[in-house]
Amino acid sequence: MNRKLRRAALALTTASLALAFVTPVEAAAAEPAPRIDLKVLVVSDGGPATAAIAAALDGAGTPYTLVDLNRPDRPSLTPAFLSDTVLGRPRAKFQAVVLPNDNPFGAGSAEMAALASYEKKFAIPQVDAYTYARPEVGLAPPTDGGYSGSLDGARAQVTAEGKAGPFGYLDGAVPFEDNSPTVGESYAFAAKPLAGADFTSYVEVPLPQSQERGTIVGEYRHDGRRELVVTFVYNRHQQQYRLLARGIVDWLTQGVHLGMDRNYFAVHVDDVFAADDRWDTELNCTPGDVDCPPGQGEPRPIRMTAEDAQYAAQWATDRAFTLDMVYNGGGSVQYKAANGGSDPMAQRLIADKDRYRWVNHTYDHPYLGCVQDVSVVPWVCAKNPDGSVKYVTRSEIAAQIRDNRRWGQNAGLPLQNDELVTGEHSGLKTLPQQPEDNPNLAGALWDNGIRSLASDNSREPEQRKIGPAQTVPRYPMNVFYNAGRTAEQIDEYNWIYTRKADGGSGICETAANTTCLDAPLDPVSGYADHIVPLETRIALSHVLANDPRPHFIHQSNLAEDRIAYPVLDAVIDSYEGLFEDSTPFVNLRQKDIGAELSERAAWDAALRSGRVTAYRIGDTVTVKAPGGVRTTATMPAGTRQRLLLGSVPFGTAYAGRLSGRVSPALLQTAVTLTLPSGTAATGLSTEPAQPVAEPAGRLPAPKGVRRHVPYGEAERDPYGGAERVPNGGGERVPHGVTGRVPHGATD
């Protein structure tokens with residue numbers, strides 16, 4: 001063999017020996033970094049906990065694939081279902097896994113083994129939505145110094161590790177609901193970490209008859225895998241879950257996911273500068289409005305004073321909260337005509353105009369749907385000679401919008417001219433009397449350039465288009481428009497929500513969306529003891545549900561006894577006691593709320609149609625969405641969007657992360673984000689997973705978790721469009737019972 005051949009043979013032998021001694025870790029390092037698709041796998045057994053996590057993902061616009069274990073046609077969780085190879089690069093089809101418990105499959109399950117291997121190979125985190133405290137999840141059994149049972153009314157606490165980790169947006173306390181003295185609403189296994197286990201406790205509760213605490217949420221690291229272990233059961237409505245949901249999703253996705261979640265709260269004050277009719281505690285109706293027969297009673301209007309206006313401005317300053325003043329300029333003109341040309345209240349509000357946002361509510365607050373025939377109760381639509389419905393004309397509607405805008409401009413109000421709230425949301429369909437929109441409404445909106453039109457969430461929770469405008473559904477608060485005094489509010493509340501035998505109207509006995517009070521509210525303390533906490537919880541439930549829809553009250557509620565402030569203060573105080581400063585209210589004006597709802601709808605439609613592709617390779621995230629649909633995402637602090645040349649910061653800070661909506665940069669077809677250094681790595685592991693624990697078995701879920709128990713008697717579903725009596729939440733008196741459209745509920 002010549003010298004050259006000997007050298008070649010020696011080199012080949014040396015290379016072969018070196019290759020033979022490459023470790024699995026070195027071999028994995030030589031492979032390309034894996035592609036991790038930004039989608040969550042949710043495996044459900046039909047229980048409330050996995051449904052709650054899926055609801056949070058839905059609300060944020062975070063894509064997921066649902067596998068229902070109860071369906072015989074479900075896909076099997078095989079290695080091919082979980083991963084594959086794309087262009088020579090290993091691909092994980094899911095960035096995270098949600099299981100109903102730590103092992104919902106049968107003994108020796110190949111599916112659980114495939115999941116464990118997948119999670120270990122691609123460093124995929126797993127959430128055990130609700131599981132036993134047992135050694136298989138890094139916890140000692142509850143019988144070993146822990147606790148199992150109800151946590152109704154308990155006050156859990158985020159640990160220092162939890163605040164440094166996924167729950168840093170919380171101030172610390174996690175109060176559990178206790179809405180019924182007779183129905184169990186929670187169940188938990190509070191336990192101590194198993195000796196020697198790599199377990200970090202994130203949320204704990206005091207153990208009964210002990211000075212110690214037991215964990216109910218924590219992270220268990222074992223066999224190269226990470227599990228978030230949750231040992232209490234919950235549903236998507238309960239406050240304790242809503243407080244923790246953001247952190248669960250953050251841990252699940254390692255802070256890198258499509259969609260975003262913020263806490264919104266905006267309050268509209270309707271009828272500003274005008275006066276509202278007053279509830280008559282003897283007649284049990286509102287003289288001057290359509291629920292009293294013609295000529296019955298004497299109207300005694302409620303209108304803010306200059307002192308009330310001054311109080312409102314000071315309150316807004318002290319609470320650092322901007323109210324939306326929804327105004328009727330004709331109200332001030334009428335007041336001046338009857339009071340020597342002076343309107344001190346209007347002068348005060350206008351002097352403080354920059355402390356508020358202002359929205360056009362029409363000049364005189366007329367009903368802009370069909371022409372009302374109020375000679376009967378309930379009112380009906382007037383008819384033309386040919387029998388057709390008689391509608392308010394386009395010119396009349398347009399004049400009301402235009403004249404109020406001009407009045408506001410002359411007063412120097414900082415207006416957005418494309419926003420409108422019609423009186424009583426009129427012009428829009430109103431069941432049962434007016435099942436269709438006023439056909440003249442759209443034209444009048446075009447005439448005035450209106451792009452944002454308020455609607456009543458209790459009637460129409462979904463956004464829709466009318467002419468040039470998109471609707472913005474608003475939540476009515478059960479602080480009645482026709483109550484300036486606490487006693488009036490309590491009296492009307494008792495009339496609606498008590499049985500005939502208890503002196504009430506009996507409406508609550510027949511209306512589908514409500515129940516009756518056990519007894520009438522105390523005429524002195526009933527407002528503070530029942531109505532305020534009820535309305536606070538309902539409003540707070542909307543805030544915690546990533547719901548930007550505004551709430552509305554009336555100027556009458558800022559007058560006389562100023563009954564709105566106890567509710568508003570309670571909402572703000574409750575919120576500030578639960579969240580860190582990094583997670584403030586997002587208080588948007590009406591048109592911006594409409595834009596938020598529209599962008600969500602477009603993003604959700606793109607997700608549903610499978611037209612969004614998103615993945616991560618190392619520290620780079622790539623998202624492709626349809627043209628005109630902006631990418632919605634949440635990323636770690638320090639993330640930047642790549643441009644053709646250079647980069648720009650991504651999103652805005654909220655709850656310790658960056659979130660926002662972006663489009664591809666110039667000459668780009670996809671959004672490309674660069675994650676900051678130190679973000680969790682996604683390298684491959686080639687070591688096999690250890691055998692999986694035995695199934696967790698059936699877990700207790702009390703009745704009050706399987707079906708949410710609302711606080712108080714008047715709430716139905718605090719996360720849907722219909723949460724309170726009547727007519728699903730906004731109307732004081734259900735249309736199906738009386739056919740009335742009371743001014744106070746929808747105005």
# chains A, B, ... in the order shown; residues from 1 in each chain; ligands from 1
$ residues_around --residues "Met345 in chain A" --least-positions-apart "4" --cutoff "12 Å" --atoms "only C-alpha atoms" --output "VMD selection string"
chain A and resid 272 to 275 303 to 313 331 to 332 335 to 336 349 to 352 555 559
$ select_by_dssp --residues "range 578-701 of chain A" --states "helix (DSSP H, G or I)" --output "VMD selection string"
chain A and resid 578 590 to 608
$ select_by_dssp --residues "range 502-664 of chain A" --states "strand (DSSP E)" --output "count of residues only"
34
$ atom_distance --atom1 "CA of Val671 in chain A" --atom2 "CA of Lys624 in chain A"
6.4 Å
$ atom_distance --atom1 "CA of Ala133 in chain A" --atom2 "CA of Leu194 in chain A"
9.7 Å
$ closest_residue --among "A:Trp603, A:Phe265, A:Tyr327, A:Tyr493" --to "His554 in chain A" --atoms "only C-alpha atoms"
A:Tyr327
$ atom_distance --atom1 "CA of Arg242 in chain A" --atom2 "CA of Ala55 in chain A"
10.5 Å
$ residues_around --residues "Asp569 in chain A" --least-positions-apart "5" --cutoff "9 Å" --atoms "only C-alpha atoms" --output "count of residues only"
4
$ closest_residue --among "A:Ser375, A:Gln347, A:Ser426, A:Gln240" --to "His361 in chain A" --atoms "only C-alpha atoms"
A:Ser426
$ closest_residue --among "A:Val269, A:Ala625, A:Cys508, A:Val532" --to "Ile490 in chain A" --atoms "only C-alpha atoms"
A:Val532
$ closest_residue --among "A:Ser582, A:Thr182, A:Thr143, A:Thr613" --to "Leu170 in chain A" --atoms "only C-alpha atoms"
A:Ser582
$ residues_around --residues "Leu115 in chain A" --least-positions-apart "3" --cutoff "8 Å" --atoms "only C-alpha atoms" --output "list in words"
Leu77, Thr78, Pro79, Leu82, Glu111, Met112, Tyr118 and Glu119 of chain A
$ residues_around --residues "Val42 in chain A" --least-positions-apart "4" --cutoff "10 Å" --atoms "only C-alpha atoms" --output "PyMOL selection string"
chain A and resi 50-51+53-54+64-68+94+96-100+126-127+129
$ decode --residues "range 646-663 of chain A" --atoms "N, CA, C and O atoms" --output "mmCIF file, in the first residue's frame"
data_model
loop_
_atom_site.group_PDB
_atom_site.id
_atom_site.type_symbol
_atom_site.label_atom_id
_atom_site.label_comp_id
_atom_site.auth_asym_id
_atom_site.auth_seq_id
_atom_site.Cartn_x
_atom_site.Cartn_y
_atom_site.Cartn_z
ATOM 1 N N GLY A 646 -32.609 45.840 9.923
ATOM 2 C CA GLY A 646 -32.717 46.133 11.348
ATOM 3 C C GLY A 646 -33.947 45.515 11.993
ATOM 4 O O GLY A 646 -34.539 44.551 11.482
ATOM 5 N N SER A 647 -34.360 46.085 13.106
ATOM 6 C CA SER A 647 -35.492 45.562 13.868
ATOM 7 C C SER A 647 -36.094 46.668 14.716
ATOM 8 O O SER A 647 -35.478 47.718 14.921
ATOM 9 N N VAL A 648 -37.315 46.423 15.217
ATOM 10 C CA VAL A 648 -38.006 47.368 16.096
ATOM 11 C C VAL A 648 -38.584 46.597 17.271
ATOM 12 O O VAL A 648 -38.836 45.388 17.173
ATOM 13 N N PRO A 649 -38.795 47.255 18.410
ATOM 14 C CA PRO A 649 -39.399 46.556 19.546
ATOM 15 C C PRO A 649 -40.796 46.045 19.193
ATOM 16 O O PRO A 649 -41.551 46.693 18.468
ATOM 17 N N PHE A 650 -41.149 44.900 19.745
ATOM 18 C CA PHE A 650 -42.478 44.319 19.528
ATOM 19 C C PHE A 650 -43.406 44.670 20.691
ATOM 20 O O PHE A 650 -43.013 44.592 21.851
ATOM 21 N N GLY A 651 -44.648 45.024 20.367
ATOM 22 C CA GLY A 651 -45.722 45.101 21.347
ATOM 23 C C GLY A 651 -45.540 46.151 22.420
ATOM 24 O O GLY A 651 -44.655 46.997 22.388
ATOM 25 N N THR A 652 -46.439 46.063 23.418
ATOM 26 C CA THR A 652 -46.386 46.937 24.584
ATOM 27 C C THR A 652 -46.418 46.079 25.842
ATOM 28 O O THR A 652 -46.948 44.959 25.844
ATOM 29 N N ALA A 653 -45.863 46.615 26.918
ATOM 30 C CA ALA A 653 -45.737 45.846 28.147
ATOM 31 C C ALA A 653 -47.078 45.702 28.843
ATOM 32 O O ALA A 653 -47.839 46.662 28.976
ATOM 33 N N TYR A 654 -47.378 44.483 29.293
ATOM 34 C CA TYR A 654 -48.569 44.228 30.100
ATOM 35 C C TYR A 654 -48.372 42.920 30.847
ATOM 36 O O TYR A 654 -48.022 41.896 30.254
ATOM 37 N N ALA A 655 -48.573 42.954 32.154
ATOM 38 C CA ALA A 655 -48.504 41.762 33.007
ATOM 39 C C ALA A 655 -47.175 41.038 32.872
ATOM 40 O O ALA A 655 -47.117 39.804 32.927
ATOM 41 N N GLY A 656 -46.101 41.795 32.694
ATOM 42 C CA GLY A 656 -44.778 41.189 32.647
ATOM 43 C C GLY A 656 -44.371 40.661 31.294
ATOM 44 O O GLY A 656 -43.262 40.125 31.151
ATOM 45 N N ARG A 657 -45.229 40.757 30.303
ATOM 46 C CA ARG A 657 -44.913 40.307 28.942
ATOM 47 C C ARG A 657 -45.133 41.462 27.966
ATOM 48 O O ARG A 657 -45.620 42.525 28.328
ATOM 49 N N LEU A 658 -44.770 41.230 26.721
ATOM 50 C CA LEU A 658 -45.099 42.138 25.637
ATOM 51 C C LEU A 658 -46.217 41.517 24.822
ATOM 52 O O LEU A 658 -46.198 40.314 24.542
ATOM 53 N N SER A 659 -47.189 42.319 24.427
ATOM 54 C CA SER A 659 -48.274 41.790 23.605
ATOM 55 C C SER A 659 -48.740 42.874 22.657
ATOM 56 O O SER A 659 -48.565 44.072 22.902
ATOM 57 N N GLY A 660 -49.333 42.445 21.557
ATOM 58 C CA GLY A 660 -49.825 43.412 20.596
ATOM 59 C C GLY A 660 -50.143 42.758 19.272
ATOM 60 O O GLY A 660 -50.142 41.528 19.135
ATOM 61 N N ARG A 661 -50.418 43.607 18.278
ATOM 62 C CA ARG A 661 -50.746 43.149 16.928
ATOM 63 C C ARG A 661 -49.780 43.804 15.944
ATOM 64 O O ARG A 661 -49.543 45.010 16.010
ATOM 65 N N VAL A 662 -49.264 43.008 15.036
ATOM 66 C CA VAL A 662 -48.307 43.527 14.061
ATOM 67 C C VAL A 662 -48.578 42.901 12.704
ATOM 68 O O VAL A 662 -49.152 41.809 12.595
ATOM 69 N N SER A 663 -48.132 43.586 11.649
ATOM 70 C CA SER A 663 -48.196 43.097 10.281
ATOM 71 C C SER A 663 -46.781 42.882 9.774
ATOM 72 O O SER A 663 -45.812 43.421 10.332
#
